[in-house]
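Novice: Before we start, here is the structure in question, set down as structure tokens.
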There are 2 protein chains.
Amino acid sequence: MALIVQKYGGTSVGNTDRIKNVATRVAKYHKEGDQVVVVVSAMSGVTDNLIKLAKEIMPLPTEREMDMLLATGEQTTIALTAMALHSIGVEASSLTGAQAGITTDGVHTKAKIQNITPKQVHAALDSGKVVIVAGFQGQTQEGQITTLGRGGSDLTAIALAAALGADLCQIYTDVDGVYTADPRIVPSARKLKEISYDEMLELASLGAKVMQSRSVEFAKKFGVVFEVRSSLNDNPGTIVKEETASMEDVVIRGVSLDKNQAKVTIVGVPDKPGVAARVFNALADGAINVDMIVQNVSSNAGAPATDISFTVDKPDLLKASRVIEGLKQEIGYRQSAADEKIGKLSIVGVGMRSHSGVAAKMFETLANEGVNIDMISTSEIKISVVIDLAKGEQAMRAVHKAFLG
Amino acid sequence: MALIVQKYGGTSVGNTDRIKNVATRVAKYHKEGDQVVVVVSAMSGVTDNLIKLAKEIMPLPTEREMDMLLATGEQTTIALTAMALHSIGVEASSLTGAQAGITTDGVHTKAKIQNITPKQVHAALDSGKVVIVAGFQGQTQEGQITTLGRGGSDLTAIALAAALGADLCQIYTDVDGVYTADPRIVPSARKLKEISYDEMLELASLGAKVMQSRSVEFAKKFGVVFEVRSSLNDNPGTIVKEETASMEDVVIRGVSLDKNQAKVTIVGVPDKPGVAARVFNALADGAINVDMIVQNVSSNAGAPATDISFTVDKPDLLKASRVIEGLKQEIGYRQSAADEKIGKLSIVGVGMRSHSGVAAKMFETLANEGVNIDMISTSEIKISVVIDLAKGEQAMRAVHKAFLG
């Protein structure tokens with residue numbers, strides 16, 4: 001008998017038929033003698049409708065009331081899911097985040113889980129029931145309803161698995177697991193049997209958005225092993241866990257392509273202390289998230305000068321360009337340029353640490369494809385390059401073939 | 001500075017524009033220095049949609065989960081109403097039934113309020129905020145979410161008014177107040193300035209369904225004076241309160257016509273002890289609610305026999321007839337008959353106690369209209385007659401004219 005936490009996203013519970021399918025799957029585990037805790041999201045579309053209602057009332061709705069409003073989405077799903085289990089003869093009890101004992105800080109719309117005291121969860125499990133918990137929500141110690149922000153339901157599942165000491169945590173989604181690359185772009189991409197937290201984190205933050213980084217970070221911190229798998233079939237998914245020795249045998253776990261970045265280049269920046277700090281402070285003040293930063297000595301003659309390039313999310317490009325324009329007089333750079341047509345291609349793998357020549361092989365592969373490299377950035381387990389967007393998918397296939405076949 | 005509890009029903013908060021109207025009205029009181037607690041229902045249609053979803057999953061949804069599901073309806077409205085107040089610069093805070101301290105018993109879908117400890121309500125009022133409370137819901141001492149059944153939001157408002165010692169409790173609805181008769185049937189009907197709890201109770205149970213009886217009973221028990229008024233205009237409504245001496249000056253407060261009753265007659269029932277008990281026990285076992293009961297000595301020769309007539313709600317007629325048919329052998333009555341085409345016409349007024357000849361005047365009025373009386377039933381402050389449904393409205397107008405002009 002195992003204690004299993006299962007999480008089903010908005011698509012998996014998108015209508016009453018799908019909720020019945022979820023119930024059938026849960027019942028199978030329950031009938032085999034497992035204790036099952038099910039975490040569900042709002043039915044797909046429901047949260048958007050609630051946001052639309054709120055915006056009809058005021059453009060920037062108050063955050064406390066937004067939480068009060070959005071929490072109803074998951075509460076609806078837990079009740080319907082419990083009913084679906086009852087309808088096939090399985091005892092089940094639904095619990096809101098508050099009832100499940102999920103205590104958060106008071107930062108409405110993006111609260112952090114502080115602790116979990118799942119008394120009602122234990123009581124229901126002990127009496128043989130399946131427990132259905134509303135994802136994405138909690139309450140403060142003062143009894144205020146909060147929500148956890150994007151990816152909050154995954155976080156609820158992983159945090160509950162940690163608090164309950166679950167044997168297994170399954171994240172059901174609309175993909176089969178984590179792949180070596182996006183199969184829509186790379187037909188030869190394979191599903192991974194396992195992946196380390198760190199690799200998953202690099203892939204998550206690189207646009208292979210199976211899960212939000214914070215849930216993976218939480219799992220890493222509390223050592224929660226979880227499986228990403230599909231709610232549409234019975235295929236085994238991908239296990240995400242702490243790195244093992246055998247994982248290093250594989251040089252590269254996966255390849256990802258982020259098409260949502262844009263590049264800003266500042267040319268002829270005076271090469272003196274404090275200039276870079278001034279640039280990136282100004283961007284931070286504008287709440288612009290900067291990803292890659294590259295600085296090179298400029299080949300320009302005359303006064304010492306450098307070029308600085310950085311990438312931002314595409315929607316932030318205009319704002320970022322304006323910030324940089326505004327600094328022209330103060331800093332005295334020569335010119336600036338913006339480029340939307342870039343792609344960020346990355347390879348990720350803990351095996352990189354013990355294998356040399358990985359970067360060289362990647363650059364050579366790109367050269368052979370006639371792909372020019374704009375920027376390079378590396379971490380211990382990742383190499384990213386910025387290239388021409390038009391050649392992004394071709395480059396991805398070539399790199400995947402070189403490393404993963 | 002007064003403490004006012006206002007309740008707005010589903011139609012009054014039926015869309016975001018109407019919610020804004022509610023906010024404007026609330027803001028007016030708040031700006032005059034009053035403390036305002038607002039109780040709201042689910043937006044009209046929302047509860048029906050939730051019930052439809054539940055029935056897609058199972059025909060008879062579990063009651064605990066039904067409460068979990070339906071409670072989201074009011075929670076949505078409180079958040080939107082608080083936002084609407086924020087959008088016009090009024091500080092406001094929403095509270096679920098549980099957060100407002102409304103504790104109920106554990107009878108899901110028709111829980112009874114056991115006590116109210118409105119700590120969070122007081123705290124928010126003390127800090128100058130308008131408080132928006134979800135009607136229709138509460139929680140048990142063990143933290144289970146419950147709903148109060150039909151008319152539950154009125155009950156929330158009246159119970160909160162009692163617990164808070166409110167100066168005023170206003171029930172906003174889509175009618176202007178309580179009338180001497182339904183103005184759609186009796187054009188000369190007038191809005192009442194005031195009415196006693198008992199009169200309101202008789203009218204409520206007689207089909208003039210401004211409010212459910214249980215809310216009025218609760219108000220009477222705790223001496224909560226409340227006003228029934230329209231959310232569509234600023235007209236004063238009808239005050240419902242304990243009977244005063246001057247109320248007795250008016251003989252008849254109002255006339256009502258209930259078209260939703262049907263009559264069953266059992267002819268030739270052996271006149272011996274225990275027969276009536278057998279009949280009405282059998283109906284009770286079938287969960288059939290019986291309203292009027294009349295028994296007469298039969299004019300039949302031979303063995304002593306009586307006729308028994310009773311009325312039930314129209315949807316229960318078939319079931320009632322079957323129960324009576326099933327008793328034929330056991331009791332040995334001669335025959336039974338059912339009649340759907342009846343109307344129950346009633347006059348109500350505490351003045352009846354001190355005025356004689358009221359019944360005679362009613363019967364004479366009906367005779368003059370050529371309306372035959374089938375059954376008569378009286379209480380201290382009410383006279384009801386069952387008549388031909390086809391003549392119901394004509395009879396109502398005549399009786400209203402005779403007593404109320």
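Residue numbering restarts at 1 for every chain of the structure tokens, chains are lettered A, B, ... in their displayed order, and ligands are numbered from 1 as they appear.
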Taking only C-alpha atoms into account, which residues of chain B are within 10 Å of chain A, as a VMD selection string?

Specialist: chain B and resid 15 to 17 19 to 20 50 53 to 88 92 to 96 98 to 99 120 142 to 145

Novice: Could you please take those selected residues and save N, CA and C atoms as a short mmCIF file (atom, residue, chain, number, x, y, z; two decimals), in the first residue's frame?

Specialist:
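Done, and the output landed in part_33.cif:
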data_model
loop_
_atom_site.label_atom_id
_atom_site.label_comp_id
_atom_site.auth_asym_id
_atom_site.auth_seq_id
_atom_site.Cartn_x
_atom_site.Cartn_y
_atom_site.Cartn_z
N ASN B 15 -25.26 40.77 -12.94
CA ASN B 15 -24.12 40.96 -13.84
C ASN B 15 -23.24 42.07 -13.25
N THR B 16 -22.11 42.34 -13.93
CA THR B 16 -21.15 43.27 -13.32
C THR B 16 -21.72 44.70 -13.26
N ASP B 17 -22.59 45.07 -14.21
CA ASP B 17 -23.19 46.39 -14.15
C ASP B 17 -24.09 46.52 -12.92
N ILE B 19 -23.82 44.81 -10.19
CA ILE B 19 -22.96 44.80 -9.01
C ILE B 19 -22.42 46.22 -8.77
N LYS B 20 -22.10 46.93 -9.87
CA LYS B 20 -21.66 48.32 -9.72
C LYS B 20 -22.77 49.19 -9.13
N LEU B 50 -24.10 25.58 -11.75
CA LEU B 50 -23.33 24.65 -10.91
C LEU B 50 -24.11 23.36 -10.70
N LEU B 53 -23.84 21.23 -13.80
CA LEU B 53 -22.55 20.53 -13.85
C LEU B 53 -22.57 19.29 -12.95
N ALA B 54 -23.07 19.48 -11.73
CA ALA B 54 -23.10 18.37 -10.78
C ALA B 54 -23.96 17.22 -11.32
N LYS B 55 -25.09 17.57 -11.92
CA LYS B 55 -26.00 16.52 -12.41
C LYS B 55 -25.43 15.82 -13.64
N GLU B 56 -24.53 16.50 -14.35
CA GLU B 56 -23.84 15.81 -15.44
C GLU B 56 -22.97 14.69 -14.89
N ILE B 57 -22.54 14.86 -13.66
CA ILE B 57 -21.65 13.86 -13.05
C ILE B 57 -22.43 12.76 -12.35
N MET B 58 -23.42 13.16 -11.56
CA MET B 58 -24.29 12.14 -10.97
C MET B 58 -25.67 12.74 -10.72
N PRO B 59 -26.72 11.92 -10.90
CA PRO B 59 -28.09 12.46 -10.81
C PRO B 59 -28.40 13.00 -9.42
N LEU B 60 -27.92 12.32 -8.38
CA LEU B 60 -28.17 12.80 -7.02
C LEU B 60 -26.83 13.08 -6.35
N PRO B 61 -26.28 14.25 -6.59
CA PRO B 61 -24.93 14.56 -6.06
C PRO B 61 -24.91 14.49 -4.54
N THR B 62 -23.79 14.08 -4.00
CA THR B 62 -23.59 14.02 -2.55
C THR B 62 -23.79 15.41 -1.94
N GLU B 63 -24.44 15.45 -0.79
CA GLU B 63 -24.82 16.76 -0.25
C GLU B 63 -23.62 17.55 0.26
N ARG B 64 -22.66 16.88 0.89
CA ARG B 64 -21.47 17.61 1.35
C ARG B 64 -20.78 18.26 0.17
N GLU B 65 -20.63 17.54 -0.94
CA GLU B 65 -19.92 18.10 -2.10
C GLU B 65 -20.77 19.16 -2.79
N MET B 66 -22.09 18.99 -2.73
CA MET B 66 -22.99 20.01 -3.29
C MET B 66 -22.76 21.35 -2.56
N ASP B 67 -22.60 21.30 -1.26
CA ASP B 67 -22.34 22.51 -0.48
C ASP B 67 -20.99 23.12 -0.87
N MET B 68 -19.98 22.26 -1.00
CA MET B 68 -18.64 22.73 -1.42
C MET B 68 -18.76 23.45 -2.77
N LEU B 69 -19.57 22.87 -3.66
CA LEU B 69 -19.74 23.42 -5.01
C LEU B 69 -20.52 24.73 -4.98
N LEU B 70 -21.70 24.70 -4.35
CA LEU B 70 -22.58 25.87 -4.40
C LEU B 70 -22.00 27.07 -3.67
N ALA B 71 -21.21 26.82 -2.63
CA ALA B 71 -20.62 27.93 -1.85
C ALA B 71 -19.75 28.82 -2.73
N THR B 72 -19.27 28.29 -3.86
CA THR B 72 -18.43 29.12 -4.74
C THR B 72 -19.24 30.25 -5.38
N GLY B 73 -20.55 30.05 -5.53
CA GLY B 73 -21.40 31.07 -6.18
C GLY B 73 -21.37 32.38 -5.42
N GLU B 74 -21.62 32.32 -4.12
CA GLU B 74 -21.63 33.55 -3.31
C GLU B 74 -20.21 34.10 -3.15
N GLN B 75 -19.23 33.20 -3.10
CA GLN B 75 -17.84 33.65 -2.93
C GLN B 75 -17.42 34.50 -4.13
N THR B 76 -17.87 34.12 -5.32
CA THR B 76 -17.59 34.92 -6.51
C THR B 76 -18.21 36.31 -6.38
N THR B 77 -19.46 36.38 -5.93
CA THR B 77 -20.14 37.68 -5.82
C THR B 77 -19.48 38.59 -4.79
N ILE B 78 -19.06 38.05 -3.65
CA ILE B 78 -18.48 38.93 -2.63
C ILE B 78 -17.19 39.58 -3.14
N ALA B 79 -16.38 38.79 -3.87
CA ALA B 79 -15.12 39.35 -4.38
C ALA B 79 -15.42 40.47 -5.38
N LEU B 80 -16.36 40.21 -6.30
CA LEU B 80 -16.67 41.21 -7.32
C LEU B 80 -17.29 42.46 -6.68
N THR B 81 -18.13 42.27 -5.66
CA THR B 81 -18.78 43.42 -5.01
C THR B 81 -17.73 44.27 -4.28
N ALA B 82 -16.79 43.61 -3.61
CA ALA B 82 -15.72 44.36 -2.93
C ALA B 82 -14.91 45.16 -3.96
N MET B 83 -14.59 44.52 -5.11
CA MET B 83 -13.86 45.23 -6.17
C MET B 83 -14.65 46.44 -6.66
N ALA B 84 -15.96 46.26 -6.83
CA ALA B 84 -16.79 47.36 -7.32
C ALA B 84 -16.75 48.54 -6.35
N LEU B 85 -16.68 48.26 -5.06
CA LEU B 85 -16.56 49.34 -4.08
C LEU B 85 -15.18 49.98 -4.16
N HIS B 86 -14.14 49.15 -4.28
CA HIS B 86 -12.78 49.69 -4.43
C HIS B 86 -12.71 50.63 -5.63
N SER B 87 -13.39 50.22 -6.72
CA SER B 87 -13.28 51.00 -7.96
C SER B 87 -13.89 52.38 -7.83
N ILE B 88 -14.75 52.59 -6.79
CA ILE B 88 -15.27 53.94 -6.57
C ILE B 88 -14.72 54.51 -5.26
N ALA B 92 -13.31 48.20 1.28
CA ALA B 92 -14.24 47.10 1.51
C ALA B 92 -13.47 45.81 1.57
N SER B 93 -14.03 44.85 2.29
CA SER B 93 -13.37 43.56 2.46
C SER B 93 -14.45 42.48 2.38
N SER B 94 -14.17 41.43 1.59
CA SER B 94 -15.13 40.35 1.47
C SER B 94 -14.83 39.24 2.47
N LEU B 95 -15.88 38.57 2.92
CA LEU B 95 -15.73 37.45 3.85
C LEU B 95 -16.66 36.31 3.43
N THR B 96 -16.13 35.10 3.41
CA THR B 96 -17.01 33.95 3.22
C THR B 96 -17.85 33.77 4.48
N ALA B 98 -17.85 31.26 6.43
CA ALA B 98 -16.95 30.74 7.46
C ALA B 98 -16.15 31.87 8.09
N GLN B 99 -15.59 32.75 7.25
CA GLN B 99 -14.78 33.85 7.76
C GLN B 99 -15.61 34.83 8.59
N GLN B 120 -14.16 38.83 12.54
CA GLN B 120 -13.58 39.50 11.36
C GLN B 120 -14.47 40.63 10.85
N GLU B 142 -16.49 21.74 12.95
CA GLU B 142 -15.36 20.93 12.48
C GLU B 142 -14.75 21.49 11.19
N GLY B 143 -15.28 22.65 10.71
CA GLY B 143 -14.68 23.26 9.53
C GLY B 143 -15.22 22.75 8.20
N GLN B 144 -16.39 22.11 8.20
CA GLN B 144 -17.01 21.69 6.94
C GLN B 144 -17.86 22.84 6.39
N ILE B 145 -17.79 23.06 5.08
CA ILE B 145 -18.60 24.10 4.47
C ILE B 145 -20.05 23.61 4.31
#

Novice: Neighbouring residues of stretch 171-181 of chain A were defined as those with any atom within 9 Å, considering only C-alpha atoms; residues of the same chain fewer than 6 positions away were excluded. Please report them as a count of residues only.

Specialist: 46

Novice: As a count of residues only, please: every residue in stretch 146-346 of chain B that DSSP puts in alpha helix (DSSP H).

Specialist: 57

Novice: Which residue, A:Leu366, A:Met292, A:Ala159, A:Val39, has the smallest gap to A:Gln114 when you use only C-alpha atoms?

Specialist: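 Closest to A:Gln114, using only C-alpha atoms: A:Ala159.
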
Novice: Neighbouring residues of B:Leu155 were defined as those with any atom within 10 Å, considering only C-alpha atoms; residues of the same chain fewer than 6 positions away were excluded. Please report them as JSON, numbers by chain.

Specialist: {"B": [7, 39, 112, 113, 135, 136, 137, 148, 149, 161, 211, 212, 213, 214, 215, 216, 217, 218, 219]}

Novice: With only C-alpha atoms as the counted atoms, please give the residues lying no more than 12 Å from A:Val358, apart from itself and same-chain residues fewer than 5 positions off, as a PyMOL selection string.

Specialist: chain A and resi 250-252+346-353+363-365+378+380-384+399+402-403

Novice: Write out the residues from the selection above, keeping N, CA and C atoms, as a compact mmCIF listing (two decimals), in the first residue's frame.

Specialist:
# COMPACT_ATOMS: atom_id res chain seq x y z
N VAL A 250 25.21 10.15 -19.52
CA VAL A 250 24.59 10.81 -20.67
C VAL A 250 25.11 12.24 -20.71
N VAL A 251 25.73 12.63 -21.82
CA VAL A 251 26.32 13.96 -21.88
C VAL A 251 25.25 15.04 -21.88
N ILE A 252 24.31 14.87 -22.77
CA ILE A 252 23.26 15.89 -22.93
C ILE A 252 21.89 15.27 -22.70
N SER A 346 19.58 25.91 -26.50
CA SER A 346 20.35 25.46 -25.34
C SER A 346 20.46 23.95 -25.31
N ILE A 347 21.60 23.47 -24.82
CA ILE A 347 21.72 22.06 -24.48
C ILE A 347 21.97 21.95 -22.99
N VAL A 348 21.35 20.94 -22.37
CA VAL A 348 21.36 20.80 -20.93
C VAL A 348 21.75 19.38 -20.57
N GLY A 349 22.60 19.23 -19.57
CA GLY A 349 22.91 17.87 -19.11
C GLY A 349 23.97 17.89 -18.02
N VAL A 350 23.75 17.10 -16.93
CA VAL A 350 24.73 17.04 -15.86
C VAL A 350 26.01 16.35 -16.33
N GLY A 351 25.91 15.57 -17.42
CA GLY A 351 27.08 14.88 -17.97
C GLY A 351 28.15 15.83 -18.49
N MET A 352 27.74 17.07 -18.76
CA MET A 352 28.68 18.09 -19.24
C MET A 352 29.88 18.27 -18.31
N ARG A 353 29.58 18.11 -17.00
CA ARG A 353 30.62 18.32 -16.00
C ARG A 353 31.80 17.39 -16.22
N PHE A 363 29.25 24.14 -31.23
CA PHE A 363 29.58 25.25 -32.12
C PHE A 363 29.91 24.74 -33.52
N GLU A 364 30.61 23.58 -33.57
CA GLU A 364 31.00 23.00 -34.86
C GLU A 364 29.75 22.57 -35.63
N THR A 365 28.82 21.95 -34.90
CA THR A 365 27.56 21.52 -35.53
C THR A 365 26.85 22.71 -36.16
N THR A 378 27.08 30.28 -20.69
CA THR A 378 27.17 28.91 -20.19
C THR A 378 26.98 28.85 -18.70
N GLU A 380 27.14 25.53 -15.47
CA GLU A 380 27.80 24.24 -15.25
C GLU A 380 27.18 23.13 -16.08
N ILE A 381 25.86 23.17 -16.25
CA ILE A 381 25.18 22.05 -16.93
C ILE A 381 24.40 22.53 -18.15
N LYS A 382 24.77 23.70 -18.69
CA LYS A 382 24.00 24.24 -19.81
C LYS A 382 24.88 25.10 -20.70
N ILE A 383 24.65 25.00 -22.00
CA ILE A 383 25.27 25.95 -22.93
C ILE A 383 24.14 26.56 -23.78
N SER A 384 24.06 27.89 -23.80
CA SER A 384 23.04 28.56 -24.59
C SER A 384 23.70 29.44 -25.63
N VAL A 399 21.64 20.00 -33.77
CA VAL A 399 22.28 19.80 -32.47
C VAL A 399 21.74 18.54 -31.80
N ALA A 402 23.34 15.59 -33.39
CA ALA A 402 24.74 15.45 -33.03
C ALA A 402 24.91 14.81 -31.65
N PHE A 403 24.06 15.22 -30.70
CA PHE A 403 24.23 14.73 -29.32
C PHE A 403 23.33 13.55 -28.97

Novice: Output as an MDAnalysis selection string all residues of stretch 68-212 of chain A that backbone DSSP marks as strand (DSSP E or B).

Specialist: chainID A and resid 92:95 102:104 113:116 130:134 137:139 145:147 168:173 179 191 194:196

Novice: Once you have the residues from the selection above, write them out as a CSV table (one decimal), in the first residue's frame, restricted to C-alpha atoms.

Specialist:
chain,number,residue,atom,x,y,z
A,92,ALA,CA,-14.0,10.6,-1.4
A,93,SER,CA,-13.9,14.0,0.4
A,94,SER,CA,-12.9,17.4,-1.1
A,95,LEU,CA,-10.9,19.9,0.8
A,102,ILE,CA,-1.9,24.8,3.6
A,103,THR,CA,-0.7,28.0,5.3
A,104,THR,CA,0.9,30.7,3.3
A,113,ILE,CA,3.6,28.2,1.3
A,114,GLN,CA,4.9,28.5,4.8
A,115,ASN,CA,3.8,25.2,6.3
A,116,ILE,CA,1.3,22.4,5.9
A,130,VAL,CA,-9.7,9.5,-1.5
A,131,VAL,CA,-8.9,13.1,-0.6
A,132,ILE,CA,-9.4,15.8,-3.3
A,133,VAL,CA,-7.5,19.0,-2.5
A,134,ALA,CA,-7.9,22.4,-4.3
A,137,GLN,CA,-4.6,28.1,-2.9
A,138,GLY,CA,-4.0,28.4,0.8
A,139,GLN,CA,-4.8,30.7,3.7
A,145,ILE,CA,-7.6,33.2,1.4
A,146,THR,CA,-4.5,33.4,-0.8
A,147,THR,CA,-3.4,31.9,-4.2
A,168,LEU,CA,4.9,8.8,-5.1
A,169,CYS,CA,4.0,12.2,-6.6
A,170,GLN,CA,2.5,12.1,-10.1
A,171,ILE,CA,2.0,15.3,-12.1
A,172,TYR,CA,-0.6,14.5,-14.8
A,173,THR,CA,-0.5,16.9,-17.8
A,179,TYR,CA,11.4,14.9,-24.0
A,191,LYS,CA,10.8,10.7,-23.9
A,194,GLU,CA,14.4,10.2,-15.8
A,195,ILE,CA,15.9,13.6,-15.4
A,196,SER,CA,17.7,15.4,-12.5
